[in-house]
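Trainee: Contents of upload.cif (mmCIF, C-alpha atoms) are given next:
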```cif
data_run
#
loop_
_atom_site.label_atom_id
_atom_site.label_comp_id
_atom_site.auth_asym_id
_atom_site.auth_seq_id
_atom_site.Cartn_x
_atom_site.Cartn_y
_atom_site.Cartn_z
CA MET A 1 271.35 303.80 -151.56
CA VAL A 2 270.73 307.50 -150.89
CA TYR A 3 274.51 308.18 -150.86
CA ILE A 4 274.95 306.54 -154.27
CA ILE A 5 272.11 308.66 -155.71
CA PHE A 6 273.65 311.76 -154.15
CA ILE A 7 277.10 311.09 -155.70
CA ALA A 8 275.59 310.28 -159.10
CA ILE A 9 273.62 313.55 -159.22
CA VAL A 10 276.15 315.86 -157.60
CA SER A 11 279.26 314.80 -159.57
CA PRO A 12 278.24 316.33 -162.94
CA ILE A 13 276.89 319.47 -161.29
CA LEU A 14 280.14 319.80 -159.37
CA ALA A 15 282.05 319.69 -162.67
CA LEU A 16 279.74 322.41 -164.00
CA LEU A 17 280.49 324.66 -161.01
CA PHE A 18 284.06 325.27 -162.17
CA ILE A 19 282.85 326.55 -165.56
CA LEU A 20 280.06 328.81 -164.26
CA LYS A 21 280.67 332.27 -162.87
CA GLY A 22 278.88 334.81 -160.66
CA ASP A 23 275.30 334.26 -159.52
CA SER A 24 274.84 331.11 -161.65
CA ARG A 25 277.68 329.41 -159.78
CA ILE A 26 276.19 330.39 -156.40
CA ILE A 27 272.75 329.11 -157.40
CA PHE A 28 274.11 325.73 -158.55
CA ALA A 29 276.32 325.49 -155.44
CA PHE A 30 273.26 326.00 -153.26
CA THR A 31 271.32 323.39 -155.22
CA ILE A 32 274.07 320.93 -154.22
CA ILE A 33 273.88 322.19 -150.64
CA GLY A 34 270.12 321.56 -150.75
CA MET A 35 270.84 317.95 -151.72
CA MET A 36 273.36 317.66 -148.89
CA ILE A 37 270.71 318.96 -146.50
CA ALA A 38 268.34 316.27 -147.79
CA LEU A 39 271.04 313.70 -147.01
CA VAL A 40 271.55 315.05 -143.48
CA SER A 41 267.81 315.23 -143.00
CA HIS A 42 267.45 311.59 -144.10
CA GLU A 43 269.96 310.51 -141.43
CA PHE A 44 268.42 312.78 -138.82
CA ASN A 45 264.91 311.47 -139.51
CA SER A 46 266.15 307.87 -139.32
CA VAL A 47 267.68 308.48 -135.88
CA LEU A 48 264.54 310.27 -134.64
CA ASN A 49 262.34 307.50 -136.05
CA ASN A 50 264.27 304.93 -134.03
CA LEU A 51 264.11 307.08 -130.90
CA LEU A 52 260.38 307.78 -131.26
CA SER A 53 259.37 304.28 -132.21
CA ASN A 54 256.06 304.54 -130.31
CA ILE A 55 254.51 307.11 -132.69
CA SER A 56 252.84 306.24 -135.99
CA THR A 57 254.19 307.08 -139.46
CA PHE A 58 251.37 309.62 -139.87
CA GLN A 59 252.33 311.39 -136.65
CA PHE A 60 256.04 311.25 -137.49
CA THR A 61 255.62 312.74 -140.96
CA THR A 62 253.20 315.45 -139.84
CA TYR A 63 254.85 316.45 -136.54
CA ILE A 64 258.56 315.62 -136.68
CA THR A 65 259.70 315.62 -140.33
CA PRO A 66 258.49 319.15 -141.24
CA VAL A 67 260.14 320.71 -138.18
CA CYS A 68 263.43 318.90 -138.73
CA GLU A 69 263.60 319.53 -142.50
CA GLU A 70 262.60 323.19 -142.39
CA ILE A 71 265.12 324.04 -139.66
CA LEU A 72 267.90 322.22 -141.55
CA LYS A 73 267.03 324.00 -144.82
CA THR A 74 267.26 327.38 -143.08
CA ILE A 75 270.85 326.86 -141.85
CA PRO A 76 272.73 327.39 -145.17
CA ILE A 77 270.53 330.38 -146.03
CA ILE A 78 271.27 332.03 -142.67
CA PHE A 79 274.98 331.31 -143.20
CA PHE A 80 274.91 332.90 -146.66
CA ALA A 81 272.99 335.96 -145.41
CA ILE A 82 275.41 336.56 -142.52
CA VAL A 83 278.70 335.79 -144.26
CA ILE A 84 278.22 336.68 -147.94
CA SER A 85 275.20 338.84 -148.80
CA ASP A 86 271.72 339.66 -147.55
CA LYS A 87 270.50 341.27 -150.77
CA ALA A 88 267.03 340.16 -151.84
CA GLN A 89 268.15 339.67 -155.47
CA ILE A 90 270.45 336.80 -154.46
CA ILE A 91 268.93 335.56 -151.18
CA LEU A 92 265.57 334.64 -152.74
CA PRO A 93 267.00 332.60 -155.67
CA ILE A 94 269.47 330.74 -153.44
CA SER A 95 266.67 329.93 -150.95
CA MET A 96 264.65 328.44 -153.80
CA SER A 97 267.78 326.54 -154.95
CA VAL A 98 268.21 324.94 -151.53
CA GLY A 99 264.56 323.82 -151.57
CA ILE A 100 264.71 322.51 -155.15
CA GLY A 101 268.02 320.70 -154.47
CA PHE A 102 266.41 319.09 -151.45
CA ALA A 103 263.43 317.97 -153.53
CA VAL A 104 265.63 316.58 -156.35
CA LEU A 105 267.40 314.19 -153.99
CA GLU A 106 264.20 313.27 -152.14
CA ASN A 107 262.38 312.50 -155.43
CA SER A 108 265.34 310.50 -156.79
CA TYR A 109 265.39 308.43 -153.63
CA MET A 110 261.62 307.86 -153.85
CA ILE A 111 262.00 306.71 -157.47
CA ALA A 112 264.80 304.29 -156.53
CA VAL A 113 262.80 302.83 -153.65
CA ASN A 114 259.45 302.53 -155.51
CA VAL A 115 260.76 301.89 -159.01
CA SER A 116 258.37 299.02 -159.77
CA SER A 117 255.17 300.83 -158.77
CA ILE A 118 255.53 304.27 -160.35
CA ASN A 119 254.76 305.77 -163.75
CA ILE A 120 255.18 308.99 -165.69
CA ILE A 121 252.08 310.60 -164.14
CA TRP A 122 253.51 309.94 -160.68
CA ALA A 123 256.79 311.53 -161.78
CA ILE A 124 255.11 314.66 -163.13
CA ILE A 125 252.83 315.15 -160.11
CA ARG A 126 255.49 314.32 -157.54
CA GLY A 127 258.10 316.38 -159.38
CA PHE A 128 256.00 319.51 -159.43
CA ALA A 129 254.23 319.14 -156.09
CA THR A 130 257.11 318.08 -153.83
CA GLY A 131 259.65 320.16 -155.70
CA LEU A 132 257.58 323.29 -155.43
CA MET A 133 256.59 322.58 -151.82
CA HIS A 134 260.24 322.44 -150.73
CA GLY A 135 261.06 325.44 -152.92
CA VAL A 136 258.20 327.56 -151.59
CA THR A 137 258.94 326.79 -147.91
CA ALA A 138 262.65 327.58 -148.35
CA GLU A 139 261.70 330.82 -150.13
CA VAL A 140 259.41 331.80 -147.24
CA THR A 141 262.17 331.45 -144.63
CA GLY A 142 264.69 332.99 -147.04
CA SER A 143 262.58 336.15 -147.37
CA GLY A 144 263.25 336.91 -143.69
CA MET A 145 267.03 336.77 -144.19
CA ILE A 146 266.92 340.05 -146.11
CA PHE A 147 266.61 341.82 -142.74
CA ILE A 148 269.40 339.90 -140.98
CA ASN A 149 271.87 342.80 -141.08
CA LYS A 150 269.58 345.75 -141.82
CA LYS A 151 266.90 345.30 -139.15
CA ARG A 152 268.12 342.88 -136.51
CA LYS A 153 265.13 343.38 -134.18
CA LEU A 154 262.73 342.58 -136.99
CA PHE A 155 264.79 339.53 -138.00
CA TYR A 156 264.94 337.94 -134.53
CA THR A 157 261.20 337.98 -134.03
CA GLY A 158 260.20 337.61 -137.67
CA ILE A 159 262.28 334.53 -138.45
CA PHE A 160 260.32 332.51 -135.90
CA GLY A 161 257.07 333.50 -137.58
CA LEU A 162 258.43 332.62 -141.03
CA LEU A 163 259.67 329.24 -139.80
CA SER A 164 256.21 328.61 -138.31
CA LEU A 165 254.64 329.37 -141.70
CA ALA A 166 257.04 327.02 -143.52
CA ILE A 167 256.63 324.20 -140.99
CA MET A 168 252.82 324.39 -141.04
CA TYR A 169 252.72 324.49 -144.84
CA HIS A 170 255.01 321.43 -145.04
CA SER A 171 252.98 319.62 -142.39
CA ILE A 172 249.65 320.31 -144.16
CA TYR A 173 251.15 318.90 -147.37
CA ASN A 174 252.43 315.75 -145.62
CA MET A 175 249.11 315.31 -143.82
CA LEU A 176 246.94 315.65 -146.93
CA ILE A 177 249.16 313.42 -149.06
CA GLN A 178 248.49 310.52 -146.68
CA SER A 179 244.74 311.14 -146.58
CA LYS A 180 242.02 310.53 -149.18
CA TYR A 181 242.45 314.16 -150.30
CA GLN A 182 245.83 313.50 -151.98
CA TYR A 183 244.94 315.58 -155.02
CA VAL A 184 244.50 318.67 -152.79
CA ALA A 185 248.03 318.11 -151.49
CA TYR A 186 249.38 317.95 -155.05
CA LEU A 187 247.51 321.10 -156.04
CA LEU A 188 248.50 323.09 -152.94
CA PRO A 189 252.14 323.88 -153.87
CA ILE A 190 251.28 324.36 -157.55
CA ILE A 191 248.59 326.94 -156.68
CA THR A 192 250.92 328.66 -154.21
CA TYR A 193 253.67 328.80 -156.82
CA LEU A 194 251.31 330.28 -159.42
CA PHE A 195 250.13 332.82 -156.82
CA ILE A 196 253.77 333.84 -156.24
CA ILE A 197 254.49 334.05 -159.98
CA VAL A 198 251.39 336.20 -160.60
CA PHE A 199 252.41 338.37 -157.64
CA ILE A 200 255.96 338.86 -158.97
CA TYR A 201 254.84 339.66 -162.51
CA ARG A 202 251.63 341.50 -161.52
CA GLU A 203 252.74 344.81 -163.01
CA LYS A 204 253.64 343.23 -166.36
CA ILE A 205 250.30 341.36 -166.35
CA ASN A 206 248.42 344.59 -165.53
CA ASN A 207 250.20 346.43 -168.35
CA LEU A 208 249.38 343.61 -170.76
CA ILE A 209 245.69 343.70 -169.80
CA LEU A 210 245.60 347.51 -170.11
CA ARG A 211 247.26 347.39 -173.54
CA LYS A 212 244.76 344.80 -174.79
CA SER A 213 241.76 346.72 -173.48
CA MET B 1 231.93 322.65 -135.84
CA LEU B 2 232.87 322.35 -139.52
CA PHE B 3 230.67 325.36 -140.36
CA ILE B 4 232.48 327.61 -137.86
CA ASP B 5 235.87 326.31 -139.04
CA ILE B 6 235.03 327.20 -142.65
CA LEU B 7 233.63 330.60 -141.64
CA VAL B 8 236.80 331.30 -139.66
CA ILE B 9 238.97 330.34 -142.68
CA ILE B 10 236.94 332.64 -144.94
CA LEU B 11 237.42 335.54 -142.51
CA ALA B 12 241.15 334.82 -142.14
CA ALA B 13 241.54 334.53 -145.93
CA PHE B 14 239.74 337.86 -146.42
CA SER B 15 242.02 339.59 -143.87
CA PHE B 16 245.17 338.07 -145.39
CA LEU B 17 244.27 338.84 -149.01
CA TYR B 18 243.21 342.38 -148.07
CA GLY B 19 246.59 342.84 -146.37
CA VAL B 20 248.45 341.42 -149.38
CA LYS B 21 246.59 343.75 -151.75
CA LYS B 22 247.21 346.86 -149.64
CA SER B 23 250.74 346.25 -148.35
CA PHE B 24 252.71 344.14 -150.83
CA LYS B 25 253.02 346.71 -153.57
CA LYS B 26 255.93 348.83 -154.73
CA ARG B 27 257.18 350.91 -151.80
CA GLY B 28 254.83 349.01 -149.48
CA ILE B 29 254.98 349.75 -145.76
CA LEU B 30 257.01 347.17 -143.85
CA PHE B 31 254.78 347.53 -140.76
CA LEU B 32 251.73 346.49 -142.79
CA GLN B 33 253.63 343.69 -144.51
CA VAL B 34 254.58 342.14 -141.16
CA ILE B 35 250.95 342.37 -139.96
CA THR B 36 249.86 340.67 -143.20
CA CYS B 37 252.35 337.86 -142.50
CA ALA B 38 250.77 337.49 -139.04
CA LEU B 39 247.36 337.10 -140.68
CA GLY B 40 248.85 334.56 -143.09
CA CYS B 41 250.09 332.58 -140.09
CA TYR B 42 246.61 332.59 -138.51
CA LEU B 43 245.10 331.53 -141.84
CA LEU B 44 247.51 328.60 -142.23
CA GLY B 45 246.87 327.57 -138.62
CA ASP B 46 243.12 327.50 -139.32
CA ILE B 47 243.64 325.51 -142.52
CA TYR B 48 245.85 323.08 -140.59
CA HIS B 49 243.11 322.64 -137.99
CA LEU B 50 240.53 321.85 -140.68
CA CYS B 51 242.89 319.51 -142.59
CA TYR B 52 243.69 317.64 -139.38
CA TYR B 53 239.97 317.21 -138.73
CA ILE B 54 239.11 315.94 -142.22
CA SER B 55 242.18 313.67 -142.44
CA THR B 56 241.84 312.01 -139.06
CA ASN B 57 238.15 312.56 -138.20
CA ARG B 58 239.09 313.92 -134.78
CA LEU B 59 239.96 317.28 -133.27
CA ALA B 60 243.55 318.10 -132.50
CA SER B 61 244.35 318.46 -128.81
CA GLY B 62 247.47 319.21 -126.79
CA PHE B 63 250.40 320.69 -128.67
CA TYR B 64 250.08 320.18 -132.40
CA LEU B 65 251.72 321.99 -135.29
CA GLY B 66 248.56 324.00 -136.00
CA SER B 67 249.29 325.86 -132.74
CA LEU B 68 252.22 327.40 -134.62
CA GLY B 69 249.61 329.44 -136.50
CA TRP B 70 248.73 331.38 -133.37
CA ILE B 71 252.28 331.37 -132.01
CA GLY B 72 253.74 332.52 -135.35
CA GLY B 73 250.97 335.12 -135.71
CA MET B 74 251.86 336.61 -132.34
CA ALA B 75 255.59 336.46 -133.26
CA PHE B 76 254.85 338.54 -136.36
CA LEU B 77 252.72 341.02 -134.39
CA LEU B 78 255.57 341.33 -131.90
CA SER B 79 257.91 341.84 -134.84
CA SER B 80 255.68 344.64 -136.16
CA TYR B 81 255.81 346.42 -132.78
CA TYR B 82 259.31 345.64 -131.53
CA GLY B 83 261.07 345.54 -134.90
CA ALA B 84 259.26 348.19 -136.89
CA MET B 85 257.11 350.55 -134.81
CA ASP B 86 258.28 350.89 -131.21
CA SER B 87 261.56 352.71 -131.91
CA LEU B 88 259.61 355.35 -133.87
CA VAL B 89 257.14 356.16 -131.09
CA ASP B 90 259.27 355.57 -127.97
CA ASP B 91 262.76 357.00 -128.11
CA GLY B 92 263.51 355.89 -124.55
CA ARG B 93 262.91 359.27 -122.89
CA LYS B 94 262.30 359.36 -119.14
CA GLU B 95 258.85 361.04 -119.35
CA TYR B 96 257.47 357.87 -120.93
CA ILE B 97 258.41 355.65 -117.99
CA LYS B 98 254.88 355.88 -116.50
CA TYR B 99 253.39 354.63 -119.77
CA ARG B 100 255.84 351.75 -119.81
CA ILE B 101 254.90 350.75 -116.25
CA ILE B 102 251.13 351.10 -116.74
CA SER B 103 251.39 349.02 -119.93
CA LEU B 104 252.53 346.08 -117.82
CA ALA B 105 248.88 345.79 -116.71
CA ALA B 106 248.04 343.99 -119.98
CA PRO B 107 250.54 341.12 -119.57
CA VAL B 108 249.57 340.86 -115.87
CA LEU B 109 245.92 340.41 -116.90
CA ILE B 110 246.96 337.71 -119.39
CA VAL B 111 248.94 335.87 -116.68
CA LEU B 112 245.94 336.06 -114.30
CA MET B 113 243.72 334.61 -117.01
CA TYR B 114 246.20 331.77 -117.44
CA GLY B 115 245.65 331.01 -113.75
CA ALA B 116 242.08 330.07 -114.69
CA VAL B 117 243.42 327.85 -117.51
CA PHE B 118 245.65 326.09 -115.00
CA LEU B 119 242.67 325.38 -112.73
CA GLY B 120 240.63 324.00 -115.64
CA ASN B 121 240.11 320.39 -116.73
CA LEU B 122 243.04 320.10 -119.13
CA THR B 123 245.79 317.50 -119.38
CA MET B 124 249.32 318.61 -118.53
CA GLY B 125 250.23 318.60 -122.26
CA GLU B 126 247.34 320.94 -123.05
CA LYS B 127 248.25 323.23 -120.14
CA VAL B 128 251.83 323.46 -121.45
CA ASN B 129 250.47 324.16 -124.94
CA CYS B 130 248.35 327.04 -123.58
CA LEU B 131 251.34 328.29 -121.57
CA ILE B 132 253.56 328.45 -124.69
CA MET B 133 250.85 330.33 -126.57
CA MET B 134 250.23 332.65 -123.61
CA ILE B 135 253.94 333.53 -123.42
CA THR B 136 253.84 334.76 -127.04
CA ILE B 137 250.78 336.92 -126.25
CA LEU B 138 252.42 338.73 -123.29
CA PRO B 139 254.81 341.09 -125.15
CA VAL B 140 252.23 341.85 -127.86
CA SER B 141 249.63 342.88 -125.26
CA TYR B 142 252.26 345.09 -123.57
CA PHE B 143 253.16 346.92 -126.79
CA ALA B 144 249.50 347.25 -127.85
CA LEU B 145 248.53 348.92 -124.56
CA LYS B 146 251.66 351.09 -124.59
CA HIS B 147 250.91 352.33 -128.10
CA ILE B 148 247.33 353.16 -127.10
CA MET B 149 248.50 355.34 -124.20
CA LEU B 150 251.67 356.98 -125.54
CA PRO B 151 251.28 360.66 -126.48
CA ASP B 152 251.56 361.39 -130.17
CA VAL B 153 254.93 362.14 -131.77
CA ASP B 154 255.46 364.92 -134.31
CA LEU B 155 254.31 362.98 -137.36
CA GLY B 156 251.07 361.81 -135.76
CA ILE B 157 251.77 358.14 -136.34
CA VAL B 158 250.48 357.00 -132.93
CA ARG B 159 247.07 358.66 -133.03
CA VAL B 160 246.01 357.17 -136.35
CA LEU B 161 246.83 353.65 -135.15
CA ARG B 162 245.08 353.84 -131.75
CA ASN B 163 241.97 352.03 -132.92
CA TYR B 164 244.13 349.34 -134.49
CA ASN B 165 246.06 348.92 -131.24
CA CYS B 166 242.80 348.63 -129.28
CA LEU B 167 241.76 345.78 -131.58
CA ILE B 168 245.12 344.01 -131.16
CA LEU B 169 244.75 344.29 -127.38
CA ALA B 170 241.24 342.83 -127.73
CA LEU B 171 242.70 340.04 -129.87
CA CYS B 172 245.24 339.19 -127.13
CA ILE B 173 242.50 339.05 -124.48
CA LEU B 174 240.15 337.05 -126.71
CA GLU B 175 242.89 334.53 -127.53
CA ASN B 176 243.50 334.00 -123.83
CA LEU B 177 239.75 333.85 -123.14
CA TYR B 178 239.62 331.07 -125.75
CA PHE B 179 242.06 329.02 -123.66
CA VAL B 180 240.05 329.67 -120.48
CA LEU B 181 236.78 328.52 -122.11
CA TYR B 182 238.56 325.56 -123.70
CA SER B 183 239.98 324.50 -120.34
CA PHE B 184 236.46 324.39 -118.85
CA GLY B 185 235.05 322.48 -121.84
CA LEU B 186 232.69 325.28 -122.93
CA PHE B 187 232.94 324.30 -126.59
CA TYR B 188 230.18 326.49 -128.02
CA PHE B 189 231.55 329.58 -126.30
CA PHE B 190 235.14 329.02 -127.37
CA ASN B 191 234.05 328.56 -130.96
CA LEU B 192 232.23 331.87 -130.65
CA VAL B 193 235.36 333.49 -129.23
CA ASN B 194 237.40 332.02 -132.12
CA LEU B 195 234.95 333.60 -134.56
CA SER B 196 235.15 336.94 -132.71
CA MET B 197 238.96 336.81 -132.89
CA HIS B 198 238.82 336.51 -136.66
CA ILE B 199 236.30 339.34 -136.95
CA VAL B 200 238.64 341.49 -134.82
CA MET B 201 241.56 340.54 -137.11
CA ALA B 202 239.59 341.53 -140.22
CA PHE B 203 238.77 344.93 -138.73
CA ALA B 204 242.34 345.34 -137.44
CA ILE B 205 243.96 345.02 -140.88
CA VAL B 206 241.43 347.43 -142.40
CA LEU B 207 242.06 349.98 -139.63
CA ALA B 208 245.85 349.50 -139.88
CA CYS B 209 245.76 350.18 -143.63
CA LYS B 210 243.57 353.25 -143.16
CA GLY B 211 245.77 354.52 -140.31
CA VAL B 212 249.00 354.07 -142.27
CA LYS B 213 247.42 355.87 -145.25
CA LYS B 214 247.04 358.95 -143.04
CA TRP B 215 250.81 359.00 -142.39
CA PHE B 216 251.26 360.39 -145.87
CA ILE B 217 248.51 363.03 -145.78
#
```
Translate the structure described by the file into structure tokens.
Mentor:
Amino acid sequence: MVYIIFIAIVSPILALLFILKGDSRIIFAFTIIGMMIALVSHEFNSVLNNLLSNISTFQFTTYITPVCEEILKTIPIIFFAIVISDKAQIILPISMSVGIGFAVLENSYMIAVNVSSINIIWAIIRGFATGLMHGVTAEVTGSGMIFINKKRKLFYTGIFGLLSLAIMYHSIYNMLIQSKYQYVAYLLPIITYLFIIVFIYREKINNLILRKS
Amino acid sequence: MLFIDILVIILAAFSFLYGVKKSFKKRGILFLQVITCALGCYLLGDIYHLCYYISTNRLASGFYLGSLGWIGGMAFLLSSYYGAMDSLVDDGRKEYIKYRIISLAAPVLIVLMYGAVFLGNLTMGEKVNCLIMMITILPVSYFALKHIMLPDVDLGIVRVLRNYNCLILALCILENLYFVLYSFGLFYFFNLVNLSMHIVMAFAIVLACKGVKKWFI
């Protein structure tokens, strides 16, 4: 099933890749790579689930899945930073693309599996929450790649810390979504995303407030 | 239990947000940004601990992903020393060799404290968990002590951060003391130590920001 969904989504984007140029092409290419990572992660998780059959679903999704998925999502970003470019202007958008691509395939699979029990509210909440969660965690690890060539010492030690942050964030989300505090889990990535947006545009916001006052 | 957890999260959030406000601005200092990331790691670890408690109604024990908060925090602190600061204050000259040797006292103390953890009433999984965390503390304690003792370089960047380094050394010792108390089941004391660690962190980021400000005076 997941392979059919993957082919159906990727084919039109692949056709688009040949028309696009520059950064847009790279961003779309990495969205596809994000989906491929989701596919690999799906297989990887299935194998691990069979191997660790004595642990519960709760334990598996809070301990194993976040570690596996976050490490896999980091691989294409590291590759890009080493081989192509480590500039922040391109590393940060492609990191987000990998995360969003991952979330697109994961959500599509979830829709296909639970098609009879979901509605538009589910789609909106799941779309924003899971999409942003994967995007934010990939962005966090991607921010460390800026130093991969410039400050190697900082990169080697820092990347472990950034991966820890991403894994914990992912794990908290997975843990809360299975508890009675589901709504907190849905709000968590949305609030984090808004925090990042406000942070990025803080100077423009400050100027706007000053102009109004 | 829940009260201390919430208090600890408030302290960690204050430290993190203070760091974000002071360091993540245009032309922000990388050293401060890495320390802020360390505080973010501690904050997320604390939130994880609380979420685990309210989702499962039991305390996490052994190795759990919340431990990455402390491990990642120490990785960032190591990054701030090894990746950003150490090459500025220690250019590898021979006169500094005595400081480098004396600084080994801090990791030795940490290892000795782990001996007490090993003798405590923990399961093997918990002992391994403490060992992993202790290993991440070792290099940070070494750099913190070294930066306290090193003579100042021309720009005066060591002197202004001495108080900060003292607090980071205290943080390393307190974190290890936490494991010792935990291993002997002294729950009230280790919660107190956890609270003290977060107070130390809050003061550390304030002192680091003030110290770095003096670099430009």
Trainee: Find, counting all atoms listed in the file, the residue in A:Val136, A:Leu51, A:Leu17, A:Leu154 that gets nearest to chain B.
Mentor: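 Among A:Val136, A:Leu51, A:Leu17, A:Leu154, it is A:Leu154 that comes nearest to chain B.
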Trainee: Excluding Thr65 of chain A and any residue of its chain fewer than 5 positions from it, enumerate the residues within 10 Å of it, using all atoms listed in the file, and give them as a PyMOL selection string.
Mentor: chain A and resi 41-42+44-45+48-49+59-60+70+167+170-171+174
Trainee: Please evaluate the PyMOL selection byres ((chain A) within 7 of (chain B)) against the displayed coordinates and give the resulting residues as a PyMOL selection string.
Mentor: chain A and resi 63+153-154+157-158+160-161+164-165+168+172+176+179
Trainee: Interatomic distance between atom CA of His134 of chain A and atom CA of Pro189 of chain A?
Mentor: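 Here the two named atoms are 8.8 Å from each other.
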Trainee: Between B:Ile4, B:Leu169, B:Val117, B:Val158, single out the one closest to Leu192 of chain B, counting all atoms listed in the file.
Mentor: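 Smallest distance to Leu192 of chain B is found for B:Ile4.
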Trainee: Could you tell me how far atom CA of Lys180 of chain A lies from atom CA of Thr130 of chain A, in Å and to one decimal?
Mentor: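 Computing it gives 17.5 Å between the two atoms.
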Trainee: Starting from the PyMOL selection byres ((chain B and resi 165) around 8), expand the selection into actual residues of this file and give them as an NGL selection string.
Mentor: :B and (144-145 or 147-148 or 161-164 or 166-169)
Trainee: Between atom CA of Cys209 of chain B and atom CA of Tyr18 of chain B, what distance in Å does the model show, to one decimal?
Mentor: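 Here the two named atoms are 9.3 Å from each other.
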Trainee: Please determine, counting only C-alpha atoms, which residue among B:Tyr53, B:Phe203, B:Tyr99, B:Phe179 has the shortest atom-to-atom distance to Val111 of chain B.
Mentor: B:Phe179
Trainee: Could you check which of B:Phe143, B:Tyr182, B:Tyr114, B:Phe31 is closest to Gly211 of chain B, using only C-alpha atoms?
Mentor: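 Nearest candidate to Gly211 of chain B out of B:Phe143, B:Tyr182, B:Tyr114, B:Phe31: B:Phe31.
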